[in-house]
$ cat start_11.pdb   # PDB, C-alpha atoms
ATOM      1  CA  MET W 256     191.315  98.416 119.396
ATOM      2  CA  LYS W 257     194.124 100.073 121.368
ATOM      3  CA  VAL W 258     197.481  98.329 121.477
ATOM      4  CA  TYR W 259     198.721  98.667 125.030
ATOM      5  CA  GLY W 260     202.420  99.391 125.178
ATOM      6  CA  THR W 261     202.563 102.087 122.482
ATOM      7  CA  VAL W 262     203.538 105.600 123.633
ATOM      8  CA  LEU W 263     202.966 108.325 121.031
ATOM      9  CA  CYS W 264     205.012 111.457 121.743
ATOM     10  CA  VAL W 265     203.745 114.716 120.236
ATOM     11  CA  GLY W 266     205.856 117.839 119.807
ATOM     12  CA  GLU W 267     209.032 119.276 118.384
ATOM     13  CA  LEU W 268     212.054 117.578 116.881
ATOM     14  CA  LEU W 269     214.927 119.947 116.174
ATOM     15  CA  ILE W 270     218.675 120.421 115.930
ATOM     16  CA  ASP W 271     220.534 121.763 118.959
ATOM     17  CA  PHE W 272     223.835 123.399 118.076
ATOM     18  CA  PHE W 273     225.860 123.578 121.300
ATOM     19  CA  CYS W 274     228.811 125.945 121.295
ATOM     20  CA  THR W 275     231.848 123.958 122.397
ATOM     21  CA  ASP W 276     233.997 127.031 123.023
ATOM     22  CA  VAL W 277     234.404 127.723 126.731
ATOM     23  CA  ASP W 278     232.609 130.682 128.324
ATOM     24  CA  VAL W 279     231.795 132.662 125.186
ATOM     25  CA  SER W 280     228.662 134.223 123.716
ATOM     26  CA  LEU W 281     227.184 133.113 120.418
ATOM     27  CA  THR W 282     228.702 136.243 118.887
ATOM     28  CA  GLU W 283     232.174 134.991 119.780
ATOM     29  CA  GLY W 284     231.599 131.242 119.463
ATOM     30  CA  ARG W 285     233.068 129.461 116.444
ATOM     31  CA  HIS W 286     232.748 125.745 117.161
ATOM     32  CA  PHE W 287     229.441 123.894 117.535
ATOM     33  CA  SER W 288     228.319 120.342 118.159
ATOM     34  CA  LYS W 289     225.184 119.140 116.333
ATOM     35  CA  GLN W 290     222.749 117.139 118.481
ATOM     36  CA  ALA W 291     219.226 115.844 117.983
ATOM     37  CA  GLY W 292     216.902 117.786 120.281
ATOM     38  CA  GLY W 293     213.320 118.345 121.301
ATOM     39  CA  ALA W 294     211.914 117.145 124.618
ATOM     40  CA  PRO W 295     209.152 114.847 123.279
ATOM     41  CA  ALA W 296     211.604 113.306 120.808
ATOM     42  CA  ASN W 297     213.985 112.594 123.692
ATOM     43  CA  VAL W 298     211.118 110.925 125.579
ATOM     44  CA  SER W 299     210.223 108.725 122.606
ATOM     45  CA  ALA W 300     213.852 107.636 122.296
ATOM     46  CA  ALA W 301     214.037 106.852 126.017
ATOM     47  CA  VAL W 302     210.922 104.663 125.878
ATOM     48  CA  ALA W 303     212.320 102.682 122.947
ATOM     49  CA  ARG W 304     215.873 102.490 124.296
ATOM     50  CA  LEU W 305     214.539 100.902 127.486
ATOM     51  CA  GLY W 306     212.616  98.249 125.569
ATOM     52  CA  GLY W 307     209.215  99.901 125.159
ATOM     53  CA  GLN W 308     207.204 100.753 122.046
ATOM     54  CA  SER W 309     207.129 104.405 121.018
ATOM     55  CA  ALA W 310     206.184 106.567 118.084
ATOM     56  CA  PHE W 311     206.781 110.236 117.333
ATOM     57  CA  LEU W 312     204.413 112.804 115.835
ATOM     58  CA  GLY W 313     205.890 116.071 114.608
ATOM     59  CA  LYS W 314     207.330 117.885 111.606
ATOM     60  CA  VAL W 315     210.830 118.618 110.309
ATOM     61  CA  GLY W 316     212.143 120.040 107.070
ATOM     62  CA  ALA W 317     212.866 117.739 104.140
ATOM     63  CA  ASP W 318     216.497 118.828 104.376
ATOM     64  CA  PRO W 319     219.723 117.205 105.625
ATOM     65  CA  PHE W 320     218.958 118.209 109.229
ATOM     66  CA  GLY W 321     215.455 116.731 109.076
ATOM     67  CA  LEU W 322     216.755 113.501 107.569
ATOM     68  CA  PHE W 323     219.420 113.324 110.293
ATOM     69  CA  LEU W 324     216.729 113.657 112.958
ATOM     70  CA  LYS W 325     214.524 111.012 111.353
ATOM     71  CA  GLN W 326     217.486 108.656 111.135
ATOM     72  CA  THR W 327     218.428 109.339 114.767
ATOM     73  CA  LEU W 328     214.980 108.309 116.010
ATOM     74  CA  GLU W 329     214.875 105.254 113.785
ATOM     75  CA  GLU W 330     218.255 104.132 115.125
ATOM     76  CA  GLN W 331     216.607 104.096 118.557
ATOM     77  CA  LYS W 332     213.729 101.971 117.180
ATOM     78  CA  VAL W 333     211.185 104.811 117.385
ATOM     79  CA  ASP W 334     208.300 104.540 114.900
ATOM     80  CA  THR W 335     208.593 107.612 112.614
ATOM     81  CA  SER W 336     205.601 106.859 110.375
ATOM     82  CA  MET W 337     203.875 109.988 111.751
ATOM     83  CA  LEU W 338     206.929 112.253 111.370
ATOM     84  CA  LEU W 339     206.124 114.730 108.594
ATOM     85  CA  LEU W 340     208.749 116.150 106.194
ATOM     86  CA  ASP W 341     208.040 119.684 104.970
ATOM     87  CA  THR W 342     209.472 120.516 101.534
ATOM     88  CA  ALA W 343     208.880 124.261 101.937
ATOM     89  CA  ALA W 344     210.168 124.997 105.458
ATOM     90  CA  PRO W 345     213.551 124.223 107.054
ATOM     91  CA  THR W 346     214.129 122.138 110.160
ATOM     92  CA  THR W 347     213.954 124.123 113.397
ATOM     93  CA  LEU W 348     217.385 125.017 114.835
ATOM     94  CA  ALA W 349     218.498 126.148 118.291
ATOM     95  CA  PHE W 350     221.925 127.606 119.073
ATOM     96  CA  VAL W 351     223.162 127.636 122.660
ATOM     97  CA  SER W 352     226.340 128.721 124.443
ATOM     98  CA  LEU W 353     227.023 128.661 128.181
ATOM     99  CA  ALA W 354     228.836 131.233 130.292
ATOM    100  CA  ALA W 355     230.943 130.240 133.295
ATOM    101  CA  ASN W 356     228.190 131.492 135.649
ATOM    102  CA  GLY W 357     225.633 129.152 134.076
ATOM    103  CA  GLU W 358     223.833 131.831 132.056
ATOM    104  CA  ARG W 359     223.142 130.860 128.479
ATOM    105  CA  ASP W 360     223.121 132.697 125.181
ATOM    106  CA  PHE W 361     220.241 131.351 123.125
ATOM    107  CA  VAL W 362     219.040 131.865 119.538
ATOM    108  CA  PHE W 363     216.034 129.955 118.231
ATOM    109  CA  ASN W 364     215.360 129.684 114.484
ATOM    110  CA  ARG W 365     211.830 128.307 114.265
ATOM    111  CA  GLY W 366     211.078 126.246 111.197
ATOM    112  CA  ALA W 367     208.933 123.325 110.125
ATOM    113  CA  ASP W 368     207.903 122.105 113.592
ATOM    114  CA  ARG W 369     205.486 125.033 114.075
ATOM    115  CA  LEU W 370     203.684 124.406 110.768
ATOM    116  CA  MET W 371     202.038 121.044 111.465
ATOM    117  CA  SER W 372     198.284 121.262 110.854
ATOM    118  CA  LEU W 373     195.320 119.045 111.693
ATOM    119  CA  GLU W 374     194.636 118.387 107.998
ATOM    120  CA  GLU W 375     197.967 116.573 107.644
ATOM    121  CA  LEU W 376     197.393 114.061 110.425
ATOM    122  CA  ASP W 377     196.247 110.460 110.358
ATOM    123  CA  ARG W 378     193.700 110.846 113.150
ATOM    124  CA  ALA W 379     192.709 107.156 113.032
ATOM    125  CA  ALA W 380     196.311 106.086 113.633
ATOM    126  CA  ILE W 381     196.624 108.534 116.522
ATOM    127  CA  ARG W 382     193.526 107.055 118.157
ATOM    128  CA  GLU W 383     195.180 103.614 118.137
ATOM    129  CA  ALA W 384     197.950 104.677 120.531
ATOM    130  CA  ALA W 385     197.349 103.593 124.120
ATOM    131  CA  MET W 386     199.184 106.600 125.546
ATOM    132  CA  LEU W 387     199.938 110.102 124.302
ATOM    133  CA  HIS W 388     202.739 112.212 125.736
ATOM    134  CA  PHE W 389     202.608 115.978 125.261
ATOM    135  CA  GLY W 390     205.941 117.431 126.336
ATOM    136  CA  SER W 391     206.799 120.255 123.999
ATOM    137  CA  ALA W 392     208.547 123.495 124.810
ATOM    138  CA  THR W 393     207.326 125.058 121.559
ATOM    139  CA  ALA W 394     203.988 123.540 120.545
ATOM    140  CA  LEU W 395     201.895 125.908 122.649
ATOM    141  CA  LEU W 396     203.587 129.056 121.355
ATOM    142  CA  ALA W 397     201.342 129.668 118.330
ATOM    143  CA  ASP W 398     198.969 128.171 115.777
ATOM    144  CA  PRO W 399     198.790 126.015 113.727
ATOM    145  CA  PHE W 400     200.853 123.730 115.982
ATOM    146  CA  ARG W 401     199.071 124.916 119.133
ATOM    147  CA  GLU W 402     195.698 124.007 117.596
ATOM    148  CA  VAL W 403     197.034 120.528 116.784
ATOM    149  CA  TYR W 404     198.381 120.074 120.296
ATOM    150  CA  VAL W 405     195.223 121.191 122.102
ATOM    151  CA  THR W 406     192.891 119.311 119.759
ATOM    152  CA  LEU W 407     194.802 116.037 120.045
ATOM    153  CA  MET W 408     194.784 116.334 123.824
ATOM    154  CA  ASP W 409     191.005 116.909 123.821
ATOM    155  CA  GLU W 410     190.460 113.964 121.467
ATOM    156  CA  ALA W 411     192.710 111.680 123.513
ATOM    157  CA  LYS W 412     190.727 112.562 126.632
ATOM    158  CA  ALA W 413     187.443 111.806 124.877
ATOM    159  CA  ASN W 414     188.873 108.573 123.464
ATOM    160  CA  GLY W 415     189.975 107.299 126.876
ATOM    161  CA  GLN W 416     193.683 107.317 126.026
ATOM    162  CA  TYR W 417     196.237 107.819 128.791
ATOM    163  CA  ILE W 418     197.583 111.385 128.674
ATOM    164  CA  SER W 419     201.000 112.496 129.908
ATOM    165  CA  PHE W 420     201.828 116.210 130.028
ATOM    166  CA  ASP W 421     205.114 118.000 130.702
ATOM    167  CA  PRO W 422     204.702 121.802 130.400
ATOM    168  CA  ASN W 423     208.443 122.178 129.709
ATOM    169  CA  TYR W 424     208.755 125.888 130.510
ATOM    170  CA  ARG W 425     211.587 127.744 128.740
ATOM    171  CA  GLY W 426     212.003 131.352 129.803
ATOM    172  CA  ASP W 427     213.820 132.166 126.555
ATOM    173  CA  LEU W 428     210.705 131.243 124.575
ATOM    174  CA  TRP W 429     207.964 132.614 126.858
ATOM    175  CA  ASN W 430     209.599 135.926 127.769
ATOM    176  CA  GLY W 431     206.805 138.430 128.377
ATOM    177  CA  ARG W 432     204.139 135.734 127.887
ATOM    178  CA  GLN W 433     204.261 133.897 131.213
ATOM    179  CA  GLU W 434     200.556 134.419 131.955
ATOM    180  CA  GLU W 435     199.677 132.822 128.641
ATOM    181  CA  PHE W 436     201.940 129.867 129.468
ATOM    182  CA  ILE W 437     200.206 129.446 132.840
ATOM    183  CA  THR W 438     196.733 129.450 131.274
ATOM    184  CA  LEU W 439     197.683 126.902 128.598
ATOM    185  CA  SER W 440     199.512 124.691 131.085
ATOM    186  CA  ARG W 441     196.561 124.666 133.463
ATOM    187  CA  ALA W 442     194.304 123.510 130.618
ATOM    188  CA  GLY W 443     196.709 120.677 129.794
ATOM    189  CA  ILE W 444     197.050 119.653 133.434
ATOM    190  CA  SER W 445     193.273 119.403 133.781
ATOM    191  CA  LYS W 446     193.237 116.607 131.173
ATOM    192  CA  ALA W 447     196.382 114.711 132.183
ATOM    193  CA  ASP W 448     196.646 111.318 133.866
ATOM    194  CA  LEU W 449     200.338 112.049 134.518
ATOM    195  CA  VAL W 450     201.931 115.474 134.934
ATOM    196  CA  LYS W 451     205.692 115.952 135.164
ATOM    197  CA  VAL W 452     207.009 119.318 136.356
ATOM    198  CA  SER W 453     210.206 120.726 137.755
ATOM    199  CA  ASP W 454     210.098 122.555 141.082
ATOM    200  CA  GLU W 455     210.360 125.861 139.195
ATOM    201  CA  GLU W 456     207.488 124.978 136.850
ATOM    202  CA  LEU W 457     205.310 123.929 139.784
ATOM    203  CA  GLN W 458     205.748 127.356 141.385
ATOM    204  CA  ILE W 459     205.276 129.283 138.133
ATOM    205  CA  ILE W 460     202.070 127.482 137.163
ATOM    206  CA  THR W 461     200.424 127.509 140.609
ATOM    207  CA  ARG W 462     201.968 130.722 142.059
ATOM    208  CA  GLU W 463     202.415 128.674 145.262
ATOM    209  CA  ALA W 464     205.785 128.506 147.044
ATOM    210  CA  ASP W 465     204.623 125.634 149.238
ATOM    211  CA  ARG W 466     204.914 122.345 147.325
ATOM    212  CA  ASN W 467     202.067 120.596 149.096
ATOM    213  CA  ALA W 468     199.687 123.472 148.469
ATOM    214  CA  ALA W 469     200.807 123.614 144.842
ATOM    215  CA  LEU W 470     200.279 119.875 144.367
ATOM    216  CA  ASP W 471     196.839 120.105 145.943
ATOM    217  CA  LEU W 472     195.957 122.719 143.330
ATOM    218  CA  LEU W 473     197.098 120.497 140.441
ATOM    219  CA  HIS W 474     194.904 117.661 141.675
ATOM    220  CA  GLU W 475     191.972 120.065 142.123
ATOM    221  CA  TRP W 476     192.417 121.067 138.477
ATOM    222  CA  GLY W 477     192.155 117.413 137.415
ATOM    223  CA  ALA W 478     195.669 115.967 137.364
ATOM    224  CA  GLY W 479     196.011 112.270 138.139
ATOM    225  CA  ALA W 480     199.580 111.501 139.244
ATOM    226  CA  VAL W 481     202.092 114.361 139.473
ATOM    227  CA  ALA W 482     205.867 113.884 139.447
ATOM    228  CA  VAL W 483     207.950 116.842 140.652
ATOM    229  CA  THR W 484     211.588 116.303 139.706
ATOM    230  CA  LEU W 485     214.030 117.708 142.269
ATOM    231  CA  GLY W 486     217.392 116.835 140.705
ATOM    232  CA  LYS W 487     219.789 115.108 143.074
ATOM    233  CA  ASP W 488     217.097 115.156 145.787
ATOM    234  CA  GLY W 489     214.923 112.725 143.812
ATOM    235  CA  THR W 490     211.276 112.982 142.800
ATOM    236  CA  LEU W 491     208.168 113.949 144.728
ATOM    237  CA  ILE W 492     205.352 111.739 143.413
ATOM    238  CA  SER W 493     201.806 112.743 144.277
ATOM    239  CA  SER W 494     198.336 111.365 143.642
ATOM    240  CA  PRO W 495     194.998 112.428 145.129
ATOM    241  CA  ASP W 496     195.433 109.830 147.911
ATOM    242  CA  SER W 497     199.192 109.693 148.574
ATOM    243  CA  ARG W 498     202.430 111.660 148.374
ATOM    244  CA  MET W 499     206.046 110.564 148.838
ATOM    245  CA  LEU W 500     209.598 111.631 148.088
ATOM    246  CA  ILE W 501     211.549 108.949 146.238
ATOM    247  CA  PRO W 502     215.340 109.440 146.361
ATOM    248  CA  SER W 503     217.640 109.281 143.374
ATOM    249  CA  ILE W 504     221.145 107.804 143.222
ATOM    250  CA  SER W 505     224.285 109.859 143.724
ATOM    251  CA  VAL W 506     226.287 110.503 140.553
ATOM    252  CA  LYS W 507     228.934 112.920 139.331
ATOM    253  CA  SER W 508     226.956 115.054 136.897
ATOM    254  CA  ILE W 509     228.672 115.984 133.639
ATOM    255  CA  ASP W 510     225.698 117.140 131.552
ATOM    256  CA  SER W 511     222.091 117.215 132.775
ATOM    257  CA  THR W 512     220.695 117.828 129.268
ATOM    258  CA  GLY W 513     217.803 115.461 128.648
ATOM    259  CA  ALA W 514     217.762 113.987 132.165
ATOM    260  CA  GLY W 515     214.166 115.084 132.760
ATOM    261  CA  ASP W 516     213.083 113.663 129.408
ATOM    262  CA  ALA W 517     214.860 110.386 130.180
ATOM    263  CA  PHE W 518     212.992 110.275 133.500
ATOM    264  CA  VAL W 519     209.657 110.736 131.731
ATOM    265  CA  GLY W 520     210.497 108.131 129.086
ATOM    266  CA  ALA W 521     211.531 105.591 131.729
ATOM    267  CA  LEU W 522     208.345 106.235 133.694
ATOM    268  CA  LEU W 523     206.018 106.059 130.682
ATOM    269  CA  GLY W 524     207.743 102.942 129.378
ATOM    270  CA  GLN W 525     206.865 101.127 132.595
ATOM    271  CA  ILE W 526     203.325 102.496 132.804
ATOM    272  CA  SER W 527     202.736 101.461 129.179
ATOM    273  CA  GLN W 528     203.240  97.828 130.127
ATOM    274  CA  LEU W 529     200.211  97.901 132.429
ATOM    275  CA  ALA W 530     196.963  96.535 130.998
ATOM    276  CA  HIS W 531     195.288  99.515 132.669
ATOM    277  CA  PRO W 532     197.762 102.430 132.899
ATOM    278  CA  ALA W 533     195.476 104.319 135.303
ATOM    279  CA  GLU W 534     196.525 101.773 137.953
ATOM    280  CA  PHE W 535     199.707 103.810 138.387
ATOM    281  CA  THR W 536     197.783 106.698 139.961
ATOM    282  CA  ARG W 537     196.032 104.379 142.427
ATOM    283  CA  SER W 538     199.015 102.261 143.515
ATOM    284  CA  SER W 539     201.701 103.575 145.868
ATOM    285  CA  GLU W 540     203.668 100.368 145.268
ATOM    286  CA  LEU W 541     203.790 100.933 141.510
ATOM    287  CA  GLN W 542     204.731 104.570 142.047
ATOM    288  CA  GLN W 543     207.603 103.566 144.336
ATOM    289  CA  THR W 544     208.931 100.958 141.894
ATOM    290  CA  PHE W 545     208.479 102.893 138.657
ATOM    291  CA  VAL W 546     209.772 106.243 139.928
ATOM    292  CA  THR W 547     212.812 104.624 141.554
ATOM    293  CA  PHE W 548     213.788 103.172 138.172
ATOM    294  CA  ALA W 549     213.047 106.449 136.345
ATOM    295  CA  ASN W 550     215.218 108.340 138.855
ATOM    296  CA  GLN W 551     218.066 105.925 138.130
ATOM    297  CA  VAL W 552     217.738 106.457 134.387
ATOM    298  CA  GLY W 553     217.698 110.250 134.768
ATOM    299  CA  ALA W 554     220.780 110.147 136.994
ATOM    300  CA  ILE W 555     222.716 107.955 134.559
ATOM    301  CA  VAL W 556     221.987 110.360 131.683
ATOM    302  CA  CYS W 557     223.667 113.103 133.756
ATOM    303  CA  THR W 558     226.941 111.141 133.680
ATOM    304  CA  LYS W 559     227.274 111.446 129.886
ATOM    305  CA  VAL W 560     227.142 114.203 127.273
ATOM    306  CA  GLY W 561     224.023 114.584 125.141
ATOM    307  CA  ALA W 562     220.380 113.634 125.543
ATOM    308  CA  ILE W 563     219.610 110.716 123.219
ATOM    309  CA  ALA W 564     223.268 109.672 123.061
ATOM    310  CA  ALA W 565     223.359 109.279 126.852
ATOM    311  CA  LEU W 566     220.297 107.029 127.163
ATOM    312  CA  PRO W 567     220.980 103.648 128.805
ATOM    313  CA  THR W 568     219.403 100.253 128.154
ATOM    314  CA  GLN W 569     217.668  98.349 130.946
ATOM    315  CA  GLY W 570     220.741  96.137 131.306
ATOM    316  CA  GLU W 571     223.011  99.161 131.625
ATOM    317  CA  VAL W 572     220.758 100.601 134.333
ATOM    318  CA  ARG W 573     220.915  97.366 136.344
ATOM    319  CA  GLU W 574     224.694  97.204 136.030
ATOM    320  CA  PHE W 575     225.133 100.865 136.966
ATOM    321  CA  VAL W 576     222.988 100.461 140.085
ATOM    322  CA  ARG W 577     224.855  97.277 141.043
ATOM    323  CA  GLN W 578     228.218  99.028 140.721
ATOM    324  CA  ALA W 579     226.938 102.041 142.696
ATOM    325  CA  ALA W 580     225.931  99.740 145.560
ATOM    326  CA  LEU W 581     229.417  98.211 145.874
TER     327      LEU W 581
END

$ encode --input "start_11.pdb" --output "C-alpha cells"
Amino acid sequence: MKVYGTVLCVGELLIDFFCTDVDVSLTEGRHFSKQAGGAPANVSAAVARLGGQSAFLGKVGADPFGLFLKQTLEEQKVDTSMLLLDTAAPTTLAFVSLAANGERDFVFNRGADRLMSLEELDRAAIREAAMLHFGSATALLADPFREVYVTLMDEAKANGQYISFDPNYRGDLWNGRQEEFITLSRAGISKADLVKVSDEELQIITREADRNAALDLLHEWGAGAVAVTLGKDGTLISSPDSRMLIPSISVKSIDSTGAGDAFVGALLGQISQLAHPAEFTRSSELQQTFVTFANQVGAIVCTKVGAIAALPTQGEVREFVRQAAL
C-alpha cells in the first residue's frame, strides 16, 4: 500500500568544491568551499525542509565525504535508508571556479554515484513510495547507473507511481553528446506526470524556439504538467488543457545555486500532500497556488549562498513574503 506524502528522489549526491578566489581558473585557485551537491539530493532536502516526507536513493563512497553527505541529508530529516555506501569507490567530486564574465572552469571526478546497480536495490521499498523524482545531471551518462534510472522509471510507470522528471542538462557533462541527451530526455518526458525544464533545456530537447510549440511537443510525447522556470520572470506552467505564466517575487540575487531544485522540492512537497497527485495536472487552481509558493521558495534561495544551506522553512517563506509586501 502506497504511503501518500513520500517523495523518493533518485540520482547523484556529491561534493561541490567552489573556488572562493575571485575570477581565477582552477589552475590558479587555492581556496575552496565544500558544499553538499547533486540536484536530486537538493530536491529531497527541500521537500523535507518545507515539512514534507522525502527519501533519497543513490550511492556515495564510504569515506569522509560520503559520511558528510549522509549526515547533511539526515540533518534535513531526509530518509537515507536507501543511500548506499561503496567501500571500493570514492565519493564523486566536482570542482568549480567562476570568471568575472560568468564562464566557469569545471572539473568532474566521477566516483561511486555512477556505480549503483539494480542488484543492490530494495525494489519492494521503492515501490512503496508514492512519488519518484528523477532529476539527475549524471545518471543518464552511462551504465550501470543509467540502467537503474531507466528501469526504475519504467517500473514506477507500471506501478502507477507519480513520476517527476528534470532533465538537468549540463553542457560540461554532455559535450559532444547532445543528441544522446535529447533522446534520453524525450524517453523520460514520455513517462512523466511532472516535467521541470529551464527555457534553455526546453529549446535543446524540442529544437523549437517558440515556447508554445515546444510545450505542445512535450505534451504530445506524454508529459502531464510541465513547469518552465524563467528566473526572475517566474514560471510558465502548462498542462494539456491550460497554460499560464505565474510571476515570482523580486529579490536581490546573491547565489542562484540550487534555486531550481528548491522550486522542484517546494512543488513536489505540495503535490505529495494530495490524495491523488494527478489532480495537479487537471487543476488550474492548484497549479496557481502551488507554483506561486514554489516560485517564492526558489527566489528566497537566491538571496543566500549555497543550495541546501539556503533552504527556508514554510514559516520563513511566509515571513519573507510578508516583509516583501510591506

$ resolve_selection --input "start_11.pdb" --expression "the PyMOL selection byres ((chain W and resi 517) around 8)" --output "list in words"
Asn297, Val298, Ala301, Gly513, Ala514, Gly515, Asp516, Phe518, Val519, Gly520, Ala521, Ala549, Val552, Gly553, Val556, Ala562 and Leu566 of chain W

$ closest_residue --input "start_11.pdb" --among "W:Gly266, W:Trp476, W:Thr512, W:Lys332" --to "Thr438 (chain W)" --atoms "only C-alpha atoms"
W:Trp476

$ residues_around --input "start_11.pdb" --residues "Arg573 (chain W)" --least-positions-apart "6" --cutoff "10 Å" --atoms "all atoms listed in the file" --output "list of chain:residue names"
W:Phe548, W:Gln551, W:Val552, W:Pro567, W:Ala579

$ closest_residue --input "start_11.pdb" --among "W:Ile459, W:Ile504, W:Ala565, W:Ala385" --to "Leu529 (chain W)" --atoms "only C-alpha atoms"
W:Ala385

$ closest_residue --input "start_11.pdb" --among "W:Ile563, W:Cys264, W:Gln308, W:Thr547" --to "Leu324 (chain W)" --atoms "only C-alpha atoms"
W:Ile563

$ axis_aligned_box --input "start_11.pdb" --around "region 476-495 of chain W" --padding-each-side "3 Å" --output "AutoDock Vina command-line options"
--center_x 206.0 --center_y 116.2 --center_z 141.6 --size_x 33.6 --size_y 15.7 --size_z 14.4

$ closest_residue --input "start_11.pdb" --among "W:Met337, W:Val481, W:Val403, W:Leu472" --to "Phe535 (chain W)" --atoms "all atoms listed in the file"
W:Val481

$ residues_around --input "start_11.pdb" --residues "Pro502 (chain W)" --least-positions-apart "3" --cutoff "7 Å" --atoms "only C-alpha atoms" --output "compact mmCIF listing (two decimals) with C-alpha atoms, keeping the file's coordinate frame"
# COMPACT_ATOMS: atom_id res chain seq x y z
CA ASP W 488 217.10 115.16 145.79
CA GLY W 489 214.92 112.72 143.81
CA THR W 490 211.28 112.98 142.80

$ atom_distance --input "start_11.pdb" --atom1 "CA of Glu410 (chain W)" --atom2 "CA of Ser497 (chain W)"
28.8 Å
